[in-house]
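This is model_4.tsv. It holds TSV, C-alpha atoms.
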```tsv
chain	number	residue	atom	x	y	z
P	97	MET	CA	0.00	0.00	0.00
P	98	LYS	CA	1.18	3.51	-0.81
P	99	GLY	CA	0.20	4.97	2.57
P	100	GLN	CA	1.90	2.12	4.41
P	101	SER	CA	5.17	2.49	2.48
P	102	LYS	CA	5.12	6.26	3.10
P	103	LEU	CA	4.72	5.56	6.80
P	104	ASN	CA	7.58	3.06	6.72
P	105	ARG	CA	9.76	5.58	4.89
P	106	ALA	CA	8.97	8.26	7.50
P	107	SER	CA	9.80	5.81	10.31
P	108	GLN	CA	13.10	4.93	8.66
P	109	TRP	CA	14.06	8.62	8.38
P	110	LEU	CA	13.03	9.13	11.97
P	111	ALA	CA	15.17	6.18	13.12
P	112	LEU	CA	18.11	7.51	11.09
P	113	ALA	CA	17.73	11.03	12.53
P	114	ALA	CA	17.54	9.60	16.06
P	115	THR	CA	20.68	7.48	15.48
P	116	VAL	CA	22.65	10.45	14.09
P	117	ALA	CA	21.50	12.70	16.97
P	118	VAL	CA	22.39	10.05	19.57
P	119	GLY	CA	25.84	9.71	17.92
P	120	ALA	CA	26.34	13.49	18.10
P	121	GLY	CA	25.16	13.47	21.72
P	122	LEU	CA	27.61	10.70	22.61
P	123	ALA	CA	30.49	12.53	20.91
P	124	LEU	CA	29.72	15.75	22.82
P	125	ALA	CA	29.21	13.89	26.11
P	126	PHE	CA	32.72	12.41	25.85
P	127	THR	CA	34.51	15.52	24.52
P	128	SER	CA	32.93	18.23	26.71
P	129	PRO	CA	35.12	19.49	29.58
P	130	PRO	CA	35.13	17.63	32.90
P	131	ASP	CA	33.26	19.22	35.79
P	132	ALA	CA	35.21	21.25	38.38
P	133	LEU	CA	33.86	19.13	41.24
P	134	GLN	CA	32.72	15.84	39.69
P	135	GLY	CA	35.45	15.46	37.07
P	136	ASN	CA	34.51	12.93	34.40
P	137	PHE	CA	31.50	11.61	36.29
P	138	VAL	CA	29.47	14.54	34.97
P	139	ARG	CA	29.41	12.71	31.62
P	140	ILE	CA	26.98	10.18	33.11
P	141	LEU	CA	24.50	13.03	33.64
P	142	TYR	CA	24.28	13.65	29.87
P	143	LEU	CA	22.60	10.24	29.75
P	144	HIS	CA	20.88	10.21	33.16
P	145	VAL	CA	19.01	13.54	32.91
P	146	PRO	CA	17.66	13.15	29.32
P	147	ALA	CA	16.54	9.60	30.24
P	148	ALA	CA	14.67	10.96	33.29
P	149	TRP	CA	13.09	13.70	31.14
P	150	LEU	CA	11.96	11.08	28.62
P	151	ALA	CA	10.41	8.97	31.37
P	152	PHE	CA	8.36	12.03	32.40
P	153	LEU	CA	7.40	12.77	28.80
P	154	ALA	CA	6.46	9.13	28.11
P	155	PHE	CA	4.28	8.81	31.22
P	156	GLY	CA	2.73	12.20	30.47
P	157	VAL	CA	1.76	10.90	27.01
P	158	THR	CA	0.38	7.75	28.67
P	159	ALA	CA	-1.82	9.93	30.90
P	160	LEU	CA	-2.95	11.97	27.89
P	161	GLY	CA	-3.76	8.80	25.90
P	162	SER	CA	-5.59	7.38	28.92
P	163	VAL	CA	-7.76	10.47	29.38
P	164	LEU	CA	-8.48	10.68	25.64
P	165	TRP	CA	-9.51	6.99	25.66
P	166	LEU	CA	-11.84	7.61	28.62
P	167	VAL	CA	-13.43	10.53	26.72
P	168	THR	CA	-13.59	9.09	23.18
P	169	ARG	CA	-13.26	5.26	23.70
P	170	LYS	CA	-11.18	5.09	20.52
P	171	PRO	CA	-8.65	2.19	20.52
P	172	ARG	CA	-5.91	4.42	19.09
P	173	TRP	CA	-5.60	6.30	22.41
P	174	ASP	CA	-5.28	3.02	24.32
P	175	ARG	CA	-2.51	1.96	21.92
P	176	LEU	CA	-0.74	5.29	22.41
P	177	ALA	CA	-0.98	5.06	26.23
P	178	HIS	CA	0.31	1.47	26.23
P	179	SER	CA	3.16	2.12	23.78
P	180	SER	CA	4.36	5.20	25.65
P	181	ALA	CA	4.19	3.48	29.06
P	182	GLU	CA	6.44	0.67	27.84
P	183	ILE	CA	9.05	3.13	26.56
P	184	GLY	CA	8.73	5.12	29.79
P	185	VAL	CA	9.52	2.01	31.84
P	186	VAL	CA	12.66	1.39	29.75
P	187	PHE	CA	13.85	4.98	30.25
P	188	THR	CA	13.02	4.93	33.96
P	189	ALA	CA	15.19	1.81	34.22
P	190	VAL	CA	17.98	3.68	32.38
P	191	THR	CA	17.54	6.62	34.80
P	192	LEU	CA	17.78	4.35	37.85
P	193	LEU	CA	20.75	2.37	36.50
P	194	THR	CA	22.81	5.40	35.45
P	195	GLY	CA	21.89	7.25	38.64
P	196	MET	CA	23.09	4.36	40.77
P	197	ILE	CA	26.34	4.06	38.83
P	198	TRP	CA	26.90	7.83	39.14
P	199	GLY	CA	26.03	7.77	42.86
P	200	ARG	CA	28.61	5.15	43.82
P	201	PRO	CA	31.75	7.20	43.01
P	202	VAL	CA	30.25	10.67	43.74
P	203	TRP	CA	28.09	10.03	46.84
P	204	GLY	CA	29.75	6.81	47.98
P	205	VAL	CA	26.54	4.77	47.72
P	206	PHE	CA	24.65	3.07	44.89
P	207	TRP	CA	21.31	3.62	46.58
P	208	SER	CA	19.69	5.28	49.56
P	209	TRP	CA	16.04	4.71	50.42
P	210	GLY	CA	16.27	7.81	52.61
P	211	ASP	CA	16.55	9.99	49.48
P	212	ALA	CA	13.13	11.12	48.25
P	213	ARG	CA	14.16	11.45	44.57
P	214	MET	CA	15.47	7.88	44.45
P	215	ALA	CA	12.59	6.38	46.41
P	216	SER	CA	9.92	8.21	44.36
P	217	THR	CA	11.59	7.26	41.06
P	218	ALA	CA	11.71	3.60	42.13
P	219	LEU	CA	8.02	3.85	43.08
P	220	MET	CA	7.23	5.37	39.66
P	221	PHE	CA	9.09	2.49	37.98
P	222	PHE	CA	7.15	-0.17	39.89
P	223	ILE	CA	3.78	1.55	39.34
P	224	TYR	CA	4.28	1.55	35.55
P	225	VAL	CA	5.63	-2.02	35.57
P	226	GLY	CA	2.35	-2.75	37.38
P	227	TYR	CA	0.47	-0.89	34.63
P	228	LEU	CA	2.07	-3.15	31.99
P	229	GLY	CA	1.38	-6.22	34.16
P	230	LEU	CA	-2.26	-5.19	34.52
P	231	ARG	CA	-2.58	-4.99	30.74
P	232	ARG	CA	-1.14	-8.48	30.27
P	233	ALA	CA	-3.48	-9.95	32.86
P	234	ILE	CA	-6.75	-8.79	31.22
P	235	PRO	CA	-7.61	-10.62	27.97
P	236	ASP	CA	-10.75	-8.60	27.11
P	237	PRO	CA	-9.63	-5.50	25.10
P	238	ASP	CA	-12.40	-3.19	26.39
P	239	VAL	CA	-11.98	-4.09	30.05
P	240	ARG	CA	-8.19	-3.86	29.62
P	241	ALA	CA	-8.43	-0.43	28.00
P	242	LYS	CA	-10.80	0.86	30.69
P	243	ARG	CA	-8.82	-0.33	33.72
P	244	SER	CA	-5.45	0.67	32.34
P	245	ALA	CA	-6.81	4.09	31.29
P	246	VAL	CA	-7.94	4.74	34.87
P	247	LEU	CA	-4.54	3.66	36.22
P	248	GLY	CA	-2.67	5.58	33.48
P	249	ALA	CA	-4.60	8.76	34.28
P	250	ILE	CA	-4.07	8.48	38.06
P	251	ALA	CA	-0.43	7.31	38.00
P	252	VAL	CA	0.67	10.57	36.34
P	253	VAL	CA	0.74	12.24	39.79
P	254	GLN	CA	4.08	10.43	40.10
P	255	ILE	CA	5.68	12.95	37.72
P	256	PRO	CA	5.33	16.08	39.93
P	257	LEU	CA	6.06	13.92	42.97
P	258	VAL	CA	9.40	12.80	41.50
P	259	TYR	CA	10.27	16.24	40.08
P	260	PHE	CA	9.51	18.25	43.23
P	261	SER	CA	10.78	15.57	45.66
P	262	VAL	CA	14.17	17.33	45.81
P	263	TYR	CA	12.47	20.54	46.96
P	264	LEU	CA	10.01	18.89	49.34
P	265	TRP	CA	12.39	16.57	51.16
P	266	ARG	CA	16.10	17.15	51.68
P	267	GLY	CA	18.17	14.15	50.64
P	268	LEU	CA	21.28	13.25	48.68
P	269	HIS	CA	19.98	14.24	45.25
P	270	GLN	CA	20.83	17.74	44.02
P	271	LEU	CA	18.34	20.34	42.76
P	272	PRO	CA	17.72	20.68	38.99
P	273	SER	CA	20.48	22.46	37.04
P	274	ILE	CA	18.03	23.87	34.50
P	275	ARG	CA	15.89	26.30	36.49
P	276	PRO	CA	13.37	29.06	35.62
P	277	ASP	CA	16.05	31.71	36.42
P	278	GLY	CA	18.53	30.11	33.97
P	279	PRO	CA	20.87	27.11	33.75
P	280	THR	CA	23.61	26.69	36.36
P	281	MET	CA	26.22	25.15	34.06
P	282	ASP	CA	28.90	26.24	31.62
P	283	ALA	CA	27.88	26.91	27.98
P	284	SER	CA	29.89	23.93	26.62
P	285	MET	CA	28.20	21.61	29.10
P	286	LEU	CA	24.81	23.10	28.34
P	287	THR	CA	25.38	22.43	24.61
P	288	ALA	CA	26.29	18.78	25.30
P	289	PHE	CA	23.24	18.44	27.53
P	290	LEU	CA	20.82	20.03	25.05
P	291	VAL	CA	22.09	17.94	22.11
P	292	ASN	CA	21.57	14.79	24.18
P	293	LEU	CA	18.12	16.01	25.20
P	294	VAL	CA	17.12	16.59	21.56
P	295	ALA	CA	18.61	13.18	20.60
P	296	PHE	CA	16.57	11.41	23.27
P	297	ASN	CA	13.39	13.18	22.20
P	298	LEU	CA	13.98	11.98	18.63
P	299	LEU	CA	14.69	8.49	19.96
P	300	TYR	CA	11.41	8.60	21.87
P	301	VAL	CA	9.40	9.61	18.79
P	302	ALA	CA	11.11	6.88	16.71
P	303	LEU	CA	10.51	4.19	19.35
P	304	LEU	CA	6.95	5.36	19.99
P	305	SER	CA	6.03	5.25	16.31
P	306	ALA	CA	7.45	1.70	16.01
P	307	ARG	CA	5.80	0.50	19.25
P	308	TYR	CA	2.48	2.07	18.24
P	309	ARG	CA	2.54	0.25	14.90
P	310	LEU	CA	3.32	-3.02	16.71
P	311	ALA	CA	0.35	-2.41	19.04
P	312	PHE	CA	-1.81	-1.78	15.98
P	313	VAL	CA	-0.68	-5.05	14.33
P	314	GLU	CA	-1.23	-6.98	17.57
P	315	GLN	CA	-4.71	-5.52	18.09
P	316	THR	CA	-5.87	-6.09	14.55
P	317	GLN	CA	-4.50	-9.64	14.32
P	318	PRO	CA	-6.42	-11.79	16.78
P	319	GLY	CA	-4.35	-14.09	18.94
P	320	PRO	CA	-3.81	-15.07	22.55
P	321	VAL	CA	-2.89	-12.02	24.61
P	322	ALA	CA	-1.36	-13.66	27.64
P	323	GLY	CA	-1.27	-17.33	26.71
P	324	THR	CA	-3.99	-19.93	27.20
P	325	ALA	CA	-3.10	-20.35	30.90
P	326	VAL	CA	-4.57	-16.89	31.49
P	327	THR	CA	-7.18	-16.61	28.75
P	328	LYS	CA	-8.53	-20.17	29.26
P	329	PRO	CA	-7.73	-21.22	32.81
P	330	ARG	CA	-8.44	-24.87	33.58
P	331	LEU	CA	-9.37	-25.96	37.05
P	332	GLU	CA	-7.58	-29.01	38.36
P	333	GLY	CA	-9.67	-32.10	37.85
P	334	ALA	CA	-12.05	-30.30	35.49
P	335	VAL	CA	-13.40	-32.35	32.62
P	336	ASP	CA	-13.01	-30.89	29.14
P	337	GLY	CA	-16.05	-30.39	27.00
Q	14	MET	CA	39.13	10.85	29.50
Q	15	ALA	CA	36.29	9.10	31.25
Q	16	ASP	CA	36.93	6.31	33.73
Q	17	GLY	CA	35.35	2.94	34.49
Q	18	TRP	CA	32.15	4.18	36.14
Q	19	VAL	CA	31.37	6.38	33.13
Q	20	TRP	CA	31.86	3.49	30.70
Q	21	LEU	CA	29.75	1.23	32.92
Q	22	ALA	CA	26.92	3.78	33.03
Q	23	TYR	CA	26.91	4.20	29.24
Q	24	LEU	CA	27.13	0.43	28.73
Q	25	ALA	CA	24.18	-0.16	31.07
Q	26	GLY	CA	22.07	2.75	29.77
Q	27	TYR	CA	22.57	2.29	26.05
Q	28	GLY	CA	22.62	-1.50	26.55
Q	29	ALA	CA	19.08	-1.33	27.94
Q	30	ILE	CA	17.88	0.93	25.09
Q	31	PHE	CA	19.57	-1.29	22.48
Q	32	ALA	CA	18.09	-4.47	24.01
Q	33	TYR	CA	14.61	-2.90	23.96
Q	34	THR	CA	15.02	-1.82	20.32
Q	35	VAL	CA	16.19	-5.29	19.24
Q	36	GLY	CA	13.30	-6.82	21.19
Q	37	LEU	CA	10.86	-4.48	19.43
Q	38	ILE	CA	12.18	-5.53	16.01
Q	39	SER	CA	11.90	-9.23	16.86
Q	40	ARG	CA	8.33	-8.71	18.15
Q	41	PHE	CA	7.53	-7.06	14.78
Q	42	ARG	CA	8.93	-10.09	12.96
Q	43	ARG	CA	6.84	-12.44	15.11
Q	44	ALA	CA	3.73	-10.34	14.51
Q	45	GLY	CA	4.28	-10.87	10.78
Q	46	ARG	CA	5.36	-7.40	9.61
```

Starting from the file, lay out its structure as structure tokens.
Amino acid sequence: MKGQSKLNRASQWLALAATVAVGAGLALAFTSPPDALQGNFVRILYLHVPAAWLAFLAFGVTALGSVLWLVTRKPRWDRLAHSSAEIGVVFTAVTLLTGMIWGRPVWGVFWSWGDARMASTALMFFIYVGYLGLRRAIPDPDVRAKRSAVLGAIAVVQIPLVYFSVYLWRGLHQLPSIRPDGPTMDASMLTAFLVNLVAFNLLYVALLSARYRLAFVEQTQPGPVAGTAVTKPRLEGAVDG
Amino acid sequence: MADGWVWLAYLAGYGAIFAYTVGLISRFRRAGR
């Protein structure tokens, strides 16, 4: 189909643009000057902060898709919410992993439950893993869409909770470096950070478009959602027929 | 240049993104597209 091949072509260009941008971001992250206090460890933040931003963006899109599904009941919004949540979980995992690896040499610990930013981010991760688990556990598409839309719309309160946690509770994690009154970093570092941020946004759009198309294919081609053990549970000793 | 922790962070972070992307492609193949 002409429309389909146009879509594929657009996705390919998008994937190429995301790859080039990520390459440029990597080059800048490793050639920008070391930080006066952190030294080379600041390079981890060019990956950690854009990943955290993407997690917020992805879960925000999930909330938007969820609300739009609740209003319109159109399957496309459920697909969007689901696709974005999956990508958000991946980027939250990247945020947690890179944060832990940065924390060990700079703070002296991989993890501290006493820090509100870490604890709230971990909570956000598990809530959205739960969202994906909920989807897998419900075979009926309408019931699945309804329940996950309610969860997707409520779970978004995690975003301000994680973002403002550093202001609300004092812990290990520092305050944001990009603030309303201006950034608190050198211009060369800001350039490296912004290029990585743009690269991750492109990566998100490329992944979302691919994941959305997969959700479309899966929804339009009937098949077992979670395996027959879930869709057709058999009681022990039950007689078939 | 960067030291071991930096390499580890990039390996873990981009490793996760790469694994997800490869998984997405293989799910596409299984779905028949």

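With distances restricted to all atoms listed in the file, P:Leu153 is the closest residue to Leu293 of chain P from P:Val225, P:Val246, P:Val167, P:Leu153.
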
How close does each residue of chain P get to chain Q, giving the shortest atom pair and distance in Å to one decimal for every residue with an atom at most 6 Å away, counting only C-alpha atoms, sorted by chain and residue number, as a tab-separated table?
```
residue	atom	partner	partner_atom	distance
P:Asn136	CA	Q:Ala15	CA	5.3
P:Ile140	CA	Q:Val19	CA	5.8
P:Val190	CA	Q:Gly26	CA	4.9
P:Thr194	CA	Q:Ala22	CA	5.0
P:Ile197	CA	Q:Ala22	CA	5.8
```

I need the chosen residues saved as a PDB file, keeping the file's coordinate frame, with C-alpha atoms.
```
ATOM      1  CA  ASN P 136      34.510  12.930  34.400  1.00  0.00           C
ATOM      2  CA  ILE P 140      26.980  10.180  33.110  1.00  0.00           C
ATOM      3  CA  VAL P 190      17.980   3.680  32.380  1.00  0.00           C
ATOM      4  CA  THR P 194      22.810   5.400  35.450  1.00  0.00           C
ATOM      5  CA  ILE P 197      26.340   4.060  38.830  1.00  0.00           C
TER       6      ILE P 197
END
```

Padded axis-aligned box of segment 164-171 of chain P (6 Å per side), centre and edge lengths, Å, one decimal, as lines of an AutoDock Vina configuration file:
```
center_x = -11.0
center_y = 6.4
center_z = 24.6
size_x = 17.1
size_y = 20.5
size_z = 20.1
```

Report, in Å with one decimal, the straight-line distance from atom CA of Leu110 of chain P to atom CA of Lys170 of chain P. 26.0 Å

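With atom CA of Val258 of chain P on one side and atom CA of Phe126 of chain P on the other, the separation reads 28.1 Å.
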
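Across the model, the gap from atom CA of Gly248 of chain P to atom CA of Arg309 of chain P is 20.0 Å.
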
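Omitting Ala132 of chain P and its sequence neighbours fewer than 4 positions away, and counting all atoms listed in the file, the residues within 12 Å are Asn136, Phe137, Val138, Met281, Asp282 and Met285 of chain P.
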
Output as a PDB file, in the frame of the given file: chain Q, completed with N, CA and C atoms.
```pdb
ATOM      1  N   MET Q  14      40.431  11.334  29.983  1.00  0.00           N
ATOM      2  CA  MET Q  14      39.130  10.850  29.500  1.00  0.00           C
ATOM      3  C   MET Q  14      38.348  10.153  30.632  1.00  0.00           C
ATOM      4  N   ALA Q  15      37.203   9.695  30.263  1.00  0.00           N
ATOM      5  CA  ALA Q  15      36.290   9.100  31.250  1.00  0.00           C
ATOM      6  C   ALA Q  15      36.872   7.835  31.878  1.00  0.00           C
ATOM      7  N   ASP Q  16      36.435   7.533  33.088  1.00  0.00           N
ATOM      8  CA  ASP Q  16      36.930   6.310  33.730  1.00  0.00           C
ATOM      9  C   ASP Q  16      35.859   5.215  33.758  1.00  0.00           C
ATOM     10  N   GLY Q  17      36.178   4.154  34.510  1.00  0.00           N
ATOM     11  CA  GLY Q  17      35.350   2.940  34.490  1.00  0.00           C
ATOM     12  C   GLY Q  17      33.878   3.131  34.797  1.00  0.00           C
ATOM     13  N   TRP Q  18      33.566   3.982  35.786  1.00  0.00           N
ATOM     14  CA  TRP Q  18      32.150   4.180  36.140  1.00  0.00           C
ATOM     15  C   TRP Q  18      31.382   4.791  34.988  1.00  0.00           C
ATOM     16  N   VAL Q  19      32.040   5.708  34.260  1.00  0.00           N
ATOM     17  CA  VAL Q  19      31.370   6.380  33.130  1.00  0.00           C
ATOM     18  C   VAL Q  19      31.069   5.352  32.035  1.00  0.00           C
ATOM     19  N   TRP Q  20      32.069   4.529  31.723  1.00  0.00           N
ATOM     20  CA  TRP Q  20      31.860   3.490  30.700  1.00  0.00           C
ATOM     21  C   TRP Q  20      30.759   2.535  31.123  1.00  0.00           C
ATOM     22  N   LEU Q  21      30.772   2.162  32.407  1.00  0.00           N
ATOM     23  CA  LEU Q  21      29.750   1.230  32.920  1.00  0.00           C
ATOM     24  C   LEU Q  21      28.352   1.828  32.780  1.00  0.00           C
ATOM     25  N   ALA Q  22      28.229   3.122  33.120  1.00  0.00           N
ATOM     26  CA  ALA Q  22      26.920   3.780  33.030  1.00  0.00           C
ATOM     27  C   ALA Q  22      26.419   3.812  31.577  1.00  0.00           C
ATOM     28  N   TYR Q  23      27.317   4.135  30.654  1.00  0.00           N
ATOM     29  CA  TYR Q  23      26.910   4.200  29.240  1.00  0.00           C
ATOM     30  C   TYR Q  23      26.597   2.811  28.685  1.00  0.00           C
ATOM     31  N   LEU Q  24      27.376   1.822  29.148  1.00  0.00           N
ATOM     32  CA  LEU Q  24      27.130   0.430  28.730  1.00  0.00           C
ATOM     33  C   LEU Q  24      25.757  -0.034  29.219  1.00  0.00           C
ATOM     34  N   ALA Q  25      25.460   0.266  30.483  1.00  0.00           N
ATOM     35  CA  ALA Q  25      24.180  -0.160  31.070  1.00  0.00           C
ATOM     36  C   ALA Q  25      23.021   0.601  30.426  1.00  0.00           C
ATOM     37  N   GLY Q  26      23.150   1.920  30.304  1.00  0.00           N
ATOM     38  CA  GLY Q  26      22.070   2.750  29.770  1.00  0.00           C
ATOM     39  C   GLY Q  26      21.762   2.454  28.321  1.00  0.00           C
ATOM     40  N   TYR Q  27      22.798   2.547  27.486  1.00  0.00           N
ATOM     41  CA  TYR Q  27      22.570   2.290  26.050  1.00  0.00           C
ATOM     42  C   TYR Q  27      22.334   0.808  25.795  1.00  0.00           C
ATOM     43  N   GLY Q  28      22.889  -0.056  26.663  1.00  0.00           N
ATOM     44  CA  GLY Q  28      22.620  -1.500  26.550  1.00  0.00           C
ATOM     45  C   GLY Q  28      21.139  -1.784  26.704  1.00  0.00           C
ATOM     46  N   ALA Q  29      20.514  -1.130  27.697  1.00  0.00           N
ATOM     47  CA  ALA Q  29      19.080  -1.330  27.940  1.00  0.00           C
ATOM     48  C   ALA Q  29      18.261  -0.816  26.749  1.00  0.00           C
ATOM     49  N   ILE Q  30      18.625   0.358  26.222  1.00  0.00           N
ATOM     50  CA  ILE Q  30      17.880   0.930  25.090  1.00  0.00           C
ATOM     51  C   ILE Q  30      18.059   0.044  23.848  1.00  0.00           C
ATOM     52  N   PHE Q  31      19.283  -0.427  23.634  1.00  0.00           N
ATOM     53  CA  PHE Q  31      19.570  -1.290  22.480  1.00  0.00           C
ATOM     54  C   PHE Q  31      18.799  -2.612  22.594  1.00  0.00           C
ATOM     55  N   ALA Q  32      18.809  -3.194  23.800  1.00  0.00           N
ATOM     56  CA  ALA Q  32      18.090  -4.470  24.010  1.00  0.00           C
ATOM     57  C   ALA Q  32      16.602  -4.284  23.744  1.00  0.00           C
ATOM     58  N   TYR Q  33      16.033  -3.165  24.189  1.00  0.00           N
ATOM     59  CA  TYR Q  33      14.610  -2.900  23.960  1.00  0.00           C
ATOM     60  C   TYR Q  33      14.329  -2.758  22.460  1.00  0.00           C
ATOM     61  N   THR Q  34      15.211  -2.037  21.759  1.00  0.00           N
ATOM     62  CA  THR Q  34      15.020  -1.820  20.320  1.00  0.00           C
ATOM     63  C   THR Q  34      15.083  -3.139  19.559  1.00  0.00           C
ATOM     64  N   VAL Q  35      16.059  -3.983  19.903  1.00  0.00           N
ATOM     65  CA  VAL Q  35      16.190  -5.290  19.240  1.00  0.00           C
ATOM     66  C   VAL Q  35      14.953  -6.148  19.549  1.00  0.00           C
ATOM     67  N   GLY Q  36      14.503  -6.083  20.801  1.00  0.00           N
ATOM     68  CA  GLY Q  36      13.300  -6.820  21.190  1.00  0.00           C
ATOM     69  C   GLY Q  36      12.078  -6.369  20.407  1.00  0.00           C
ATOM     70  N   LEU Q  37      11.984  -5.058  20.186  1.00  0.00           N
ATOM     71  CA  LEU Q  37      10.860  -4.480  19.430  1.00  0.00           C
ATOM     72  C   LEU Q  37      10.875  -5.001  17.990  1.00  0.00           C
ATOM     73  N   ILE Q  38      12.056  -5.045  17.388  1.00  0.00           N
ATOM     74  CA  ILE Q  38      12.180  -5.530  16.010  1.00  0.00           C
ATOM     75  C   ILE Q  38      11.782  -7.004  15.925  1.00  0.00           C
ATOM     76  N   SER Q  39      12.234  -7.795  16.920  1.00  0.00           N
ATOM     77  CA  SER Q  39      11.900  -9.230  16.860  1.00  0.00           C
ATOM     78  C   SER Q  39      10.408  -9.454  17.114  1.00  0.00           C
ATOM     79  N   ARG Q  40       9.782  -8.592  17.925  1.00  0.00           N
ATOM     80  CA  ARG Q  40       8.330  -8.710  18.150  1.00  0.00           C
ATOM     81  C   ARG Q  40       7.568  -8.373  16.849  1.00  0.00           C
ATOM     82  N   PHE Q  41       8.094  -7.415  16.085  1.00  0.00           N
ATOM     83  CA  PHE Q  41       7.530  -7.060  14.780  1.00  0.00           C
ATOM     84  C   PHE Q  41       7.575  -8.265  13.845  1.00  0.00           C
ATOM     85  N   ARG Q  42       8.741  -8.933  13.837  1.00  0.00           N
ATOM     86  CA  ARG Q  42       8.930 -10.090  12.960  1.00  0.00           C
ATOM     87  C   ARG Q  42       7.930 -11.180  13.316  1.00  0.00           C
ATOM     88  N   ARG Q  43       7.765 -11.403  14.642  1.00  0.00           N
ATOM     89  CA  ARG Q  43       6.840 -12.440  15.110  1.00  0.00           C
ATOM     90  C   ARG Q  43       5.402 -12.090  14.775  1.00  0.00           C
ATOM     91  N   ALA Q  44       5.099 -10.784  14.807  1.00  0.00           N
ATOM     92  CA  ALA Q  44       3.730 -10.340  14.510  1.00  0.00           C
ATOM     93  C   ALA Q  44       3.445 -10.400  13.010  1.00  0.00           C
ATOM     94  N   GLY Q  45       4.489 -10.663  12.202  1.00  0.00           N
ATOM     95  CA  GLY Q  45       4.280 -10.870  10.780  1.00  0.00           C
ATOM     96  C   GLY Q  45       4.469  -9.658   9.918  1.00  0.00           C
ATOM     97  N   ARG Q  46       5.106  -8.592  10.432  1.00  0.00           N
ATOM     98  CA  ARG Q  46       5.360  -7.400   9.610  1.00  0.00           C
ATOM     99  C   ARG Q  46       6.853  -7.182   9.439  1.00  0.00           C
TER     100      ARG Q  46
END
```
